>>> print(open('coords06.txt').read())   # compact mmCIF, C-alpha atoms
# COMPACT_ATOMS: atom_id res chain seq x y z
CA MET A 1 -152.93 125.80 -46.18
CA SER A 2 -154.36 122.31 -46.65
CA LEU A 3 -152.45 119.29 -47.91
CA VAL A 4 -154.57 119.33 -51.06
CA SER A 5 -153.70 122.91 -51.92
CA GLU A 6 -150.05 122.26 -51.08
CA GLY A 7 -150.14 119.32 -53.48
CA ALA A 8 -151.75 121.48 -56.12
CA ASP A 9 -149.01 124.08 -55.63
CA PHE A 10 -146.36 121.38 -56.08
CA GLN A 11 -148.06 120.16 -59.28
CA GLU A 12 -148.24 123.72 -60.56
CA SER A 13 -144.56 124.11 -59.80
CA LEU A 14 -143.80 120.86 -61.64
CA ALA A 15 -145.85 122.01 -64.60
CA GLY A 16 -143.32 124.77 -65.03
CA THR A 17 -145.25 127.91 -64.20
CA ARG A 18 -142.74 128.75 -61.49
CA LEU A 19 -139.75 127.68 -63.54
CA ALA A 20 -139.98 130.88 -65.55
CA GLU A 21 -139.35 132.96 -62.45
CA PRO A 22 -135.75 134.11 -61.94
CA SER A 23 -133.95 132.34 -59.13
CA LEU A 24 -133.54 133.88 -55.70
CA ALA A 25 -130.95 131.27 -54.66
CA THR A 26 -127.97 132.78 -52.86
CA VAL A 27 -124.42 131.49 -52.58
CA GLY A 28 -125.30 130.35 -49.04
CA ASP A 29 -128.10 128.17 -50.44
CA TYR A 30 -125.66 126.49 -52.81
CA VAL A 31 -123.21 125.96 -49.95
CA ALA A 32 -126.04 124.32 -47.95
CA LEU A 33 -126.72 122.03 -50.95
CA MET A 34 -123.21 120.62 -50.53
CA LYS A 35 -123.96 119.38 -46.97
CA PRO A 36 -120.90 121.06 -45.41
CA ARG A 37 -121.03 119.03 -42.16
CA VAL A 38 -121.00 115.72 -44.03
CA MET A 39 -118.31 117.15 -46.29
CA SER A 40 -116.09 117.96 -43.30
CA LEU A 41 -116.21 114.33 -42.08
CA VAL A 42 -115.49 113.09 -45.61
CA VAL A 43 -112.49 115.42 -45.93
CA PHE A 44 -111.20 114.42 -42.49
CA THR A 45 -111.32 110.67 -43.17
CA ALA A 46 -109.82 111.22 -46.63
CA LEU A 47 -107.02 113.26 -45.05
CA VAL A 48 -106.25 110.36 -42.72
CA GLY A 49 -106.14 107.92 -45.66
CA LEU A 50 -103.84 110.31 -47.52
CA ALA A 51 -101.58 110.96 -44.53
CA VAL A 52 -101.06 107.35 -43.42
CA ALA A 53 -100.29 106.16 -46.95
CA PRO A 54 -96.64 105.33 -47.68
CA GLY A 55 -94.51 107.22 -50.17
CA SER A 56 -94.14 110.89 -50.91
CA LEU A 57 -96.72 113.30 -52.20
CA HIS A 58 -96.22 116.99 -52.85
CA PRO A 59 -98.30 119.03 -50.36
CA LEU A 60 -100.04 120.86 -53.21
CA THR A 61 -100.99 117.56 -54.83
CA GLY A 62 -102.37 116.45 -51.45
CA PHE A 63 -104.31 119.70 -51.15
CA THR A 64 -105.70 119.24 -54.67
CA ALA A 65 -106.75 115.69 -53.82
CA LEU A 66 -108.62 116.83 -50.69
CA LEU A 67 -110.21 119.72 -52.62
CA CYS A 68 -111.48 117.34 -55.31
CA ILE A 69 -112.80 114.92 -52.68
CA ALA A 70 -114.56 117.81 -50.89
CA VAL A 71 -116.12 119.07 -54.12
CA GLY A 72 -117.10 115.52 -55.09
CA ALA A 73 -118.79 115.07 -51.69
CA GLY A 74 -120.56 118.41 -52.22
CA ALA A 75 -121.76 117.22 -55.64
CA ALA A 76 -123.14 114.04 -54.09
CA GLY A 77 -124.92 116.11 -51.42
CA ALA A 78 -126.51 118.39 -54.04
CA LEU A 79 -127.66 115.46 -56.18
CA ASN A 80 -129.07 113.75 -53.07
CA MET A 81 -131.03 116.89 -52.18
CA TRP A 82 -132.30 117.12 -55.75
CA TYR A 83 -133.65 113.56 -55.77
CA ASP A 84 -134.87 113.50 -52.17
CA ALA A 85 -136.66 116.87 -52.16
CA ASP A 86 -140.08 115.22 -51.71
CA VAL A 87 -138.89 113.13 -48.75
CA ASP A 88 -136.96 116.05 -47.23
CA ALA A 89 -140.09 118.24 -47.38
CA VAL A 90 -142.03 116.03 -44.94
CA MET A 91 -139.22 115.25 -42.49
CA THR A 92 -138.64 117.66 -39.61
CA ARG A 93 -134.85 117.23 -39.75
CA THR A 94 -134.62 118.10 -43.47
CA ALA A 95 -137.64 120.31 -44.22
CA ARG A 96 -135.56 123.50 -44.10
CA ARG A 97 -133.13 122.38 -46.81
CA PRO A 98 -132.92 124.75 -49.82
CA VAL A 99 -134.90 122.64 -52.33
CA PRO A 100 -137.96 121.81 -50.16
CA MET A 101 -137.95 125.42 -48.93
CA GLY A 102 -138.16 126.55 -52.56
CA ARG A 103 -135.00 128.67 -52.40
CA VAL A 104 -133.24 126.45 -54.95
CA ARG A 105 -135.23 124.79 -57.73
CA PRO A 106 -134.74 121.04 -58.33
CA GLY A 107 -133.26 121.68 -61.78
CA GLU A 108 -130.72 124.09 -60.31
CA ALA A 109 -129.66 121.54 -57.69
CA LEU A 110 -129.33 118.85 -60.39
CA ALA A 111 -127.23 121.06 -62.68
CA PHE A 112 -125.08 122.21 -59.75
CA GLY A 113 -124.43 118.63 -58.60
CA LEU A 114 -123.62 117.32 -62.08
CA THR A 115 -121.29 120.24 -62.82
CA LEU A 116 -119.43 119.98 -59.51
CA GLY A 117 -119.13 116.19 -59.76
CA SER A 118 -117.80 116.32 -63.33
CA PHE A 119 -115.25 119.00 -62.46
CA ALA A 120 -114.11 117.18 -59.31
CA VAL A 121 -113.50 113.87 -61.11
CA VAL A 122 -111.80 115.34 -64.19
CA VAL A 123 -109.56 117.70 -62.20
CA PHE A 124 -108.70 114.85 -59.79
CA GLY A 125 -107.72 112.62 -62.71
CA LEU A 126 -105.70 115.27 -64.52
CA LEU A 127 -103.84 116.65 -61.51
CA VAL A 128 -103.53 113.66 -59.14
CA ASN A 129 -104.25 110.22 -60.59
CA TRP A 130 -107.02 108.40 -62.41
CA LEU A 131 -107.43 105.54 -59.92
CA ALA A 132 -108.37 107.99 -57.17
CA ALA A 133 -110.56 109.92 -59.64
CA GLY A 134 -112.29 106.69 -60.65
CA LEU A 135 -112.93 105.80 -57.01
CA LEU A 136 -114.38 109.28 -56.43
CA ALA A 137 -116.65 108.91 -59.48
CA PHE A 138 -117.76 105.47 -58.28
CA THR A 139 -118.47 106.86 -54.79
CA ILE A 140 -120.68 109.64 -56.18
CA PHE A 141 -122.45 107.09 -58.42
CA PHE A 142 -122.91 104.69 -55.50
CA TYR A 143 -124.29 107.38 -53.18
CA ILE A 144 -126.74 108.75 -55.73
CA VAL A 145 -127.82 105.81 -57.89
CA VAL A 146 -127.36 102.83 -55.56
CA TYR A 147 -128.22 104.46 -52.22
CA THR A 148 -130.43 107.50 -52.89
CA VAL A 149 -132.38 106.35 -55.93
CA TRP A 150 -132.52 102.59 -55.36
CA LEU A 151 -131.93 101.41 -51.79
CA LYS A 152 -133.15 104.28 -49.61
CA ARG A 153 -136.81 103.89 -50.52
CA SER A 154 -136.86 100.14 -51.11
CA THR A 155 -135.14 98.27 -48.27
CA PRO A 156 -134.42 98.60 -44.53
CA GLN A 157 -130.87 97.53 -45.41
CA ASN A 158 -130.48 100.89 -47.22
CA ILE A 159 -127.82 102.33 -44.94
CA VAL A 160 -126.03 99.01 -44.44
CA ILE A 161 -125.16 98.82 -48.14
CA GLY A 162 -125.36 102.56 -48.82
CA GLY A 163 -122.89 103.16 -46.00
CA ALA A 164 -120.16 102.07 -48.41
CA ALA A 165 -120.40 105.51 -50.05
CA GLY A 166 -119.34 107.17 -46.81
CA ALA A 167 -116.62 104.57 -46.26
CA PHE A 168 -114.71 105.19 -49.49
CA PRO A 169 -113.00 108.57 -48.68
CA PRO A 170 -109.99 107.15 -46.75
CA MET A 171 -109.47 104.68 -49.60
CA ILE A 172 -109.64 107.54 -52.12
CA GLY A 173 -107.11 109.49 -50.03
CA TRP A 174 -104.80 106.46 -49.97
CA ALA A 175 -105.21 105.94 -53.73
CA ALA A 176 -104.43 109.63 -54.31
CA ALA A 177 -101.15 109.26 -52.41
CA THR A 178 -100.02 105.88 -53.73
CA GLY A 179 -101.88 105.23 -56.98
CA SER A 180 -102.97 101.87 -55.54
CA VAL A 181 -105.15 100.27 -52.86
CA SER A 182 -103.94 97.81 -50.19
CA LEU A 183 -105.20 96.10 -47.03
CA GLU A 184 -104.83 99.10 -44.68
CA PRO A 185 -107.29 101.42 -46.49
CA VAL A 186 -109.64 98.44 -46.86
CA LEU A 187 -109.63 98.13 -43.05
CA LEU A 188 -110.46 101.84 -42.72
CA PHE A 189 -113.24 101.31 -45.27
CA LEU A 190 -114.65 98.40 -43.23
CA ILE A 191 -114.54 100.41 -39.98
CA ILE A 192 -116.72 103.17 -41.47
CA LEU A 193 -118.94 100.62 -43.24
CA PHE A 194 -119.79 98.83 -39.97
CA TRP A 195 -119.93 102.10 -38.02
CA THR A 196 -122.73 103.45 -40.24
CA PRO A 197 -125.63 101.12 -39.21
CA PRO A 198 -125.43 101.65 -35.41
CA HIS A 199 -124.89 105.38 -36.01
CA PHE A 200 -127.91 105.89 -38.28
CA TRP A 201 -130.21 103.38 -36.61
CA ALA A 202 -129.62 105.11 -33.25
CA LEU A 203 -130.83 108.31 -34.94
CA ALA A 204 -133.72 106.50 -36.65
CA LEU A 205 -134.91 105.12 -33.27
CA TYR A 206 -135.89 108.60 -32.11
CA ARG A 207 -136.92 109.83 -35.58
CA THR A 208 -139.08 106.81 -36.46
CA GLU A 209 -142.26 108.85 -37.02
CA ASP A 210 -140.36 111.21 -39.30
CA TYR A 211 -139.12 108.35 -41.50
CA ALA A 212 -142.53 106.60 -41.43
CA ARG A 213 -144.30 109.80 -42.53
CA ALA A 214 -141.82 110.20 -45.39
CA GLY A 215 -142.28 106.56 -46.44
CA VAL A 216 -138.59 105.73 -45.97
CA PRO A 217 -138.29 102.07 -44.86
CA MET A 218 -135.68 102.58 -42.14
CA LEU A 219 -135.19 99.53 -39.94
CA PRO A 220 -137.27 100.79 -36.95
CA VAL A 221 -140.18 101.56 -39.32
CA VAL A 222 -140.13 98.15 -41.01
CA ALA A 223 -138.72 95.69 -38.44
CA GLY A 224 -139.76 97.51 -35.29
CA ASP A 225 -138.07 98.98 -32.28
CA THR A 226 -136.84 95.82 -30.53
CA SER A 227 -135.33 94.26 -33.64
CA THR A 228 -133.50 97.51 -34.44
CA ARG A 229 -131.99 97.66 -30.96
CA ARG A 230 -130.71 94.07 -31.37
CA GLN A 231 -129.24 94.90 -34.78
CA ILE A 232 -127.53 97.99 -33.36
CA LEU A 233 -125.75 95.91 -30.72
CA LEU A 234 -124.89 93.21 -33.27
CA TYR A 235 -123.25 95.69 -35.64
CA THR A 236 -121.47 97.37 -32.71
CA LEU A 237 -120.05 93.99 -31.71
CA ILE A 238 -118.67 93.60 -35.25
CA LEU A 239 -117.46 97.21 -35.41
CA VAL A 240 -115.40 97.23 -32.21
CA PRO A 241 -113.05 94.32 -33.13
CA LEU A 242 -112.73 95.83 -36.62
CA GLY A 243 -111.71 99.11 -35.01
CA ILE A 244 -108.90 97.30 -33.19
CA THR A 245 -107.58 95.41 -36.26
CA PRO A 246 -105.24 98.18 -37.52
CA TRP A 247 -103.38 97.78 -34.21
CA LEU A 248 -103.55 93.96 -34.25
CA PHE A 249 -102.14 93.96 -37.80
CA GLY A 250 -99.26 96.14 -36.63
CA TYR A 251 -100.23 99.22 -38.63
CA THR A 252 -100.55 101.39 -35.52
CA GLY A 253 -99.04 101.77 -32.06
CA ALA A 254 -100.23 101.37 -28.50
CA LEU A 255 -102.01 104.74 -28.41
CA TYR A 256 -104.35 103.71 -31.21
CA GLY A 257 -104.81 100.23 -29.72
CA THR A 258 -105.71 101.66 -26.31
CA THR A 259 -108.09 104.23 -27.84
CA ALA A 260 -109.81 101.61 -29.99
CA VAL A 261 -110.26 99.25 -27.00
CA VAL A 262 -111.51 101.92 -24.55
CA ALA A 263 -113.74 103.76 -27.01
CA GLY A 264 -114.95 100.40 -28.36
CA ALA A 265 -115.91 99.29 -24.83
CA ALA A 266 -117.89 102.52 -24.45
CA MET A 267 -119.65 101.85 -27.77
CA VAL A 268 -120.63 98.34 -26.63
CA ALA A 269 -121.84 99.69 -23.26
CA LEU A 270 -123.99 102.31 -25.01
CA GLY A 271 -125.24 99.68 -27.47
CA TRP A 272 -126.24 97.50 -24.51
CA GLN A 273 -128.11 100.44 -22.95
CA VAL A 274 -129.94 100.98 -26.25
CA LEU A 275 -130.93 97.29 -26.25
CA ARG A 276 -132.38 97.58 -22.73
CA GLU A 277 -134.16 100.88 -23.39
CA ARG A 278 -137.84 100.92 -24.33
CA ARG A 279 -139.83 103.67 -26.03
CA PRO A 280 -140.77 106.41 -25.40
CA ALA A 281 -137.39 106.71 -23.66
CA GLU A 282 -134.76 107.79 -26.17
CA ARG A 283 -131.83 108.93 -24.04
CA ALA A 284 -129.67 105.84 -24.75
CA SER A 285 -130.29 106.16 -28.50
CA ARG A 286 -129.32 109.83 -28.45
CA ASN A 287 -126.21 109.04 -26.39
CA LEU A 288 -125.13 106.30 -28.80
CA PHE A 289 -125.74 108.55 -31.82
CA ALA A 290 -123.63 111.35 -30.31
CA PHE A 291 -120.86 109.05 -29.04
CA SER A 292 -120.62 107.17 -32.33
CA ILE A 293 -119.48 110.40 -34.01
CA LEU A 294 -116.85 110.91 -31.30
CA TYR A 295 -115.79 107.24 -31.62
CA LEU A 296 -115.06 107.50 -35.33
CA PHE A 297 -113.39 110.88 -34.92
CA LEU A 298 -111.17 109.53 -32.11
CA LEU A 299 -110.03 106.48 -34.07
CA PHE A 300 -109.13 108.50 -37.15
CA ALA A 301 -107.62 111.41 -35.18
CA VAL A 302 -105.32 109.08 -33.21
CA LEU A 303 -104.41 107.29 -36.44
CA LEU A 304 -103.54 110.66 -37.95
CA VAL A 305 -101.43 111.70 -34.97
CA GLU A 306 -99.68 108.36 -34.61
CA ARG A 307 -99.13 107.38 -38.23
CA GLY A 308 -99.88 110.29 -40.44
CA TRP A 309 -98.52 113.31 -38.63
CA GLY A 310 -94.88 112.32 -39.03
CA GLY A 311 -95.50 111.48 -42.66
CA LEU A 312 -97.19 114.79 -43.32
CA ILE A 313 -94.35 116.75 -41.71
CA ALA A 314 -91.78 114.75 -43.66
CA ARG A 315 -93.65 115.49 -46.90
CA LEU A 316 -93.88 119.18 -46.12
CA ALA A 317 -90.17 119.26 -45.31
CA ALA A 318 -89.23 117.32 -48.47
CA MET B 1 -129.58 139.43 -69.51
CA SER B 2 -129.69 142.87 -71.10
CA GLU B 3 -131.82 145.75 -69.92
CA GLN B 4 -133.65 145.62 -73.28
CA ARG B 5 -134.70 142.01 -72.71
CA ASP B 6 -135.69 142.90 -69.17
CA ASP B 7 -137.97 145.55 -70.59
CA GLU B 8 -139.53 143.10 -73.03
CA GLY B 9 -140.03 140.23 -70.65
CA ILE B 10 -139.10 139.42 -67.09
CA VAL B 11 -138.02 142.36 -64.99
CA LEU B 12 -135.77 141.28 -62.14
CA THR B 13 -136.50 142.57 -58.67
CA GLU B 14 -133.68 144.07 -56.63
CA ALA B 15 -133.48 140.87 -54.55
CA GLN B 16 -133.22 138.75 -57.70
CA LYS B 17 -130.51 141.02 -59.09
CA ARG B 18 -128.56 140.81 -55.84
CA ALA B 19 -128.85 137.01 -55.79
CA ARG B 20 -127.76 136.77 -59.42
CA ARG B 21 -124.79 139.05 -58.81
CA SER B 22 -123.63 137.06 -55.78
CA ARG B 23 -123.89 133.81 -57.79
CA SER B 24 -121.96 135.35 -60.68
CA VAL B 25 -119.18 136.56 -58.36
CA ALA B 26 -118.95 133.09 -56.77
CA ILE B 27 -118.68 131.41 -60.20
CA ALA B 28 -115.99 133.90 -61.27
CA LEU B 29 -113.98 133.27 -58.09
CA ALA B 30 -114.30 129.49 -58.50
CA LEU B 31 -113.10 129.67 -62.12
CA ALA B 32 -110.19 131.95 -61.15
CA ALA B 33 -109.24 129.50 -58.38
CA LEU B 34 -109.33 126.65 -60.91
CA VAL B 35 -107.03 128.55 -63.29
CA ILE B 36 -104.58 129.27 -60.44
CA LEU B 37 -104.74 125.62 -59.31
CA PHE B 38 -103.88 124.33 -62.80
CA TYR B 39 -101.09 126.91 -63.14
CA VAL B 40 -99.50 126.06 -59.79
CA MET B 41 -99.89 122.30 -60.28
CA THR B 42 -98.23 122.57 -63.70
CA LEU B 43 -95.26 124.25 -62.00
CA VAL B 44 -95.22 121.54 -59.33
CA LYS B 45 -95.34 118.68 -61.81
CA GLY B 46 -92.92 120.28 -64.26
CA PRO B 47 -92.72 119.45 -67.95
CA GLY B 48 -93.88 115.89 -67.39
CA VAL B 49 -97.36 117.06 -66.43
CA LEU B 50 -98.92 115.54 -69.53
CA ILE B 51 -96.89 112.33 -69.50
CA ARG B 52 -98.66 109.96 -67.16
CA PRO B 53 -99.82 106.37 -67.04
CA ILE B 54 -103.59 105.97 -67.26
>>> encode(input="coords06.txt", output="structure tokens")
Amino acid sequence: MSLVSEGADFQESLAGTRLAEPSLATVGDYVALMKPRVMSLVVFTALVGLAVAPGSLHPLTGFTALLCIAVGAGAAGALNMWYDADVDAVMTRTARRPVPMGRVRPGEALAFGLTLGSFAVVVFGLLVNWLAAGLLAFTIFFYIVVYTVWLKRSTPQNIVIGGAAGAFPPMIGWAAATGSVSLEPVLLFLIILFWTPPHFWALALYRTEDYARAGVPMLPVVAGDTSTRRQILLYTLILVPLGITPWLFGYTGALYGTTAVVAGAAMVALGWQVLRERRPAERASRNLFAFSILYLFLLFAVLLVERGWGGLIARLAA
Amino acid sequence: MSEQRDDEGIVLTEAQKRARRSRSVAIALALAALVILFYVMTLVKGPGVLIRPI
């Protein structure tokens, strides 16, 4: 099928001739709309924010908070897939998502996302607290309107600013537990914020053609390969000291401090390898992308074990 | 959608009926879970559930 006829099919679909057909979307398609892998990272970081927060919280209230955050993240994923269906359709990594595959219609994804998001925020507010619910609502708004609709297609700084959406969950978890926000969750927010650029730019380095074909101005597409590699190392050099600050500020113990220093050194070493690598080689970029996930997981897991685990057990026992 | 309307207009295929049924079951389960969640959380919070600072 030629590009012209594919375009004509898409226009026909937009004109509504296909909208009259009953949907074939399954429950699995709707689950895929919620980006379950992203959701799991969101829930994990929110759990850490919730667990390290001071004070007492009934376990069921904590469960409700995490459920609302998970559903809110799912809503954001569905709305992102609704808006980005055209971009997803031409990128290898995303072409098999439910909307570009035609299994879920754009209108269905939009309605699903709006319904889930509304339920998540209102239930969060009614059953936990309105500050956390407000932060969740702002996060969904930021991810969809600021990142997806505005920044993603207009600036190579898209994920630098848009990364804030992914950085909010620990702060929301903290707000759910305490009804307030203080310096410690802000530090966790900053760690994820500065982790996002090296993580996504490492991916973009070996997916540059994909992003260029889709017209998404990721840094390697706009500024080039060499500049991106420099920026990756620069952001890594900001990230690593930030990762150590919870220990320097006395919020954590030696285990976290050691983990942050050792894993941070590995991040810098991988960032340096990325800087020295030249296309078409992509091994260093792939290594950094993979290790960056482990890095963030390690920091938050150790934080959970060291600070949050005792708190969680105490809350369950209370 | 009633059988009569199906006869007049769109007739669902077996695959479409299966997909619709699975979606309906999922919605029913989600609503039931929401009812249980509100019930249990009301017990947890006690009579002060509606008295809260905004």
>>> atom_distance(input="coords06.txt", atom1="CA of Tyr295 in chain A", atom2="CA of Leu255 in chain A")
14.4 Å
>>> residues_around(input="coords06.txt", residues="Arg23 in chain B", least_positions_apart="6", cutoff="10 Å", atoms="only C-alpha atoms", output="list in words")
Leu24, Ala25, Thr26, Val27, Gly28 and Tyr30 of chain A; Lys17 and Leu29 of chain B
>>> interface_residues(input="coords06.txt", of="chain A", to="chain B", cutoff="9 Å", atoms="all atoms listed in the file", output="number ranges by chain")
A: 20-27, 58, 60-61, 64, 123, 126-127, 129-131
>>> atom_distance(input="coords06.txt", atom1="CA of Leu219 in chain A", atom2="CA of Trp201 in chain A")
7.1 Å
>>> closest_residue(input="coords06.txt", among="A:Ala75, A:Arg286, A:Leu50, A:Gln157", to="Ala32 in chain A", atoms="all atoms listed in the file")
A:Ala75
>>> atom_distance(input="coords06.txt", atom1="CA of Thr178 in chain A", atom2="CA of Ala132 in chain A")
9.3 Å
>>> residues_around(input="coords06.txt", residues="Val221 in chain A", least_positions_apart="3", cutoff="12 Å", atoms="all atoms listed in the file", output="mmCIF file with C-alpha atoms, keeping the file's coordinate frame")
data_model
loop_
_atom_site.group_PDB
_atom_site.id
_atom_site.type_symbol
_atom_site.label_atom_id
_atom_site.label_comp_id
_atom_site.auth_asym_id
_atom_site.auth_seq_id
_atom_site.Cartn_x
_atom_site.Cartn_y
_atom_site.Cartn_z
ATOM 1 C CA ARG A 153 -136.810 103.890 -50.520
ATOM 2 C CA THR A 155 -135.140 98.270 -48.270
ATOM 3 C CA PRO A 156 -134.420 98.600 -44.530
ATOM 4 C CA GLN A 157 -130.870 97.530 -45.410
ATOM 5 C CA TRP A 201 -130.210 103.380 -36.610
ATOM 6 C CA ALA A 204 -133.720 106.500 -36.650
ATOM 7 C CA LEU A 205 -134.910 105.120 -33.270
ATOM 8 C CA TYR A 206 -135.890 108.600 -32.110
ATOM 9 C CA ARG A 207 -136.920 109.830 -35.580
ATOM 10 C CA THR A 208 -139.080 106.810 -36.460
ATOM 11 C CA GLU A 209 -142.260 108.850 -37.020
ATOM 12 C CA ASP A 210 -140.360 111.210 -39.300
ATOM 13 C CA TYR A 211 -139.120 108.350 -41.500
ATOM 14 C CA ALA A 212 -142.530 106.600 -41.430
ATOM 15 C CA ARG A 213 -144.300 109.800 -42.530
ATOM 16 C CA ALA A 214 -141.820 110.200 -45.390
ATOM 17 C CA GLY A 215 -142.280 106.560 -46.440
ATOM 18 C CA VAL A 216 -138.590 105.730 -45.970
ATOM 19 C CA PRO A 217 -138.290 102.070 -44.860
ATOM 20 C CA MET A 218 -135.680 102.580 -42.140
ATOM 21 C CA GLY A 224 -139.760 97.510 -35.290
ATOM 22 C CA ASP A 225 -138.070 98.980 -32.280
ATOM 23 C CA THR A 226 -136.840 95.820 -30.530
ATOM 24 C CA SER A 227 -135.330 94.260 -33.640
ATOM 25 C CA THR A 228 -133.500 97.510 -34.440
#
>>> closest_residue(input="coords06.txt", among="A:Val149, A:Ala164, A:Ala281, A:Leu203", to="Leu188 in chain A", atoms="all atoms listed in the file")
A:Ala164
>>> axis_aligned_box(input="coords06.txt", around="range 33-45 of chain B", padding_each_side="3 Å", output="JSON")
{"center_x": -102.3, "center_y": 124.1, "center_z": -61.0, "size_x": 20.1, "size_y": 16.8, "size_z": 11.3}
>>> residues_around(input="coords06.txt", residues="Trp82 in chain A", least_positions_apart="4", cutoff="6 Å", atoms="all atoms listed in the file", output="PyMOL selection string")
chain A and resi 106+109-110
>>> closest_residue(input="coords06.txt", among="A:Leu41, A:Ala265, A:Ala53, A:Met81", to="Ile293 in chain A", atoms="only C-alpha atoms")
A:Leu41
>>> residues_near_point(input="coords06.txt", point="(-90.8, 108.5, -54.3)", cutoff="12 Å", atoms="all atoms listed in the file", output="ChimeraX atom specification")
/A:54-58,177-179,315,318
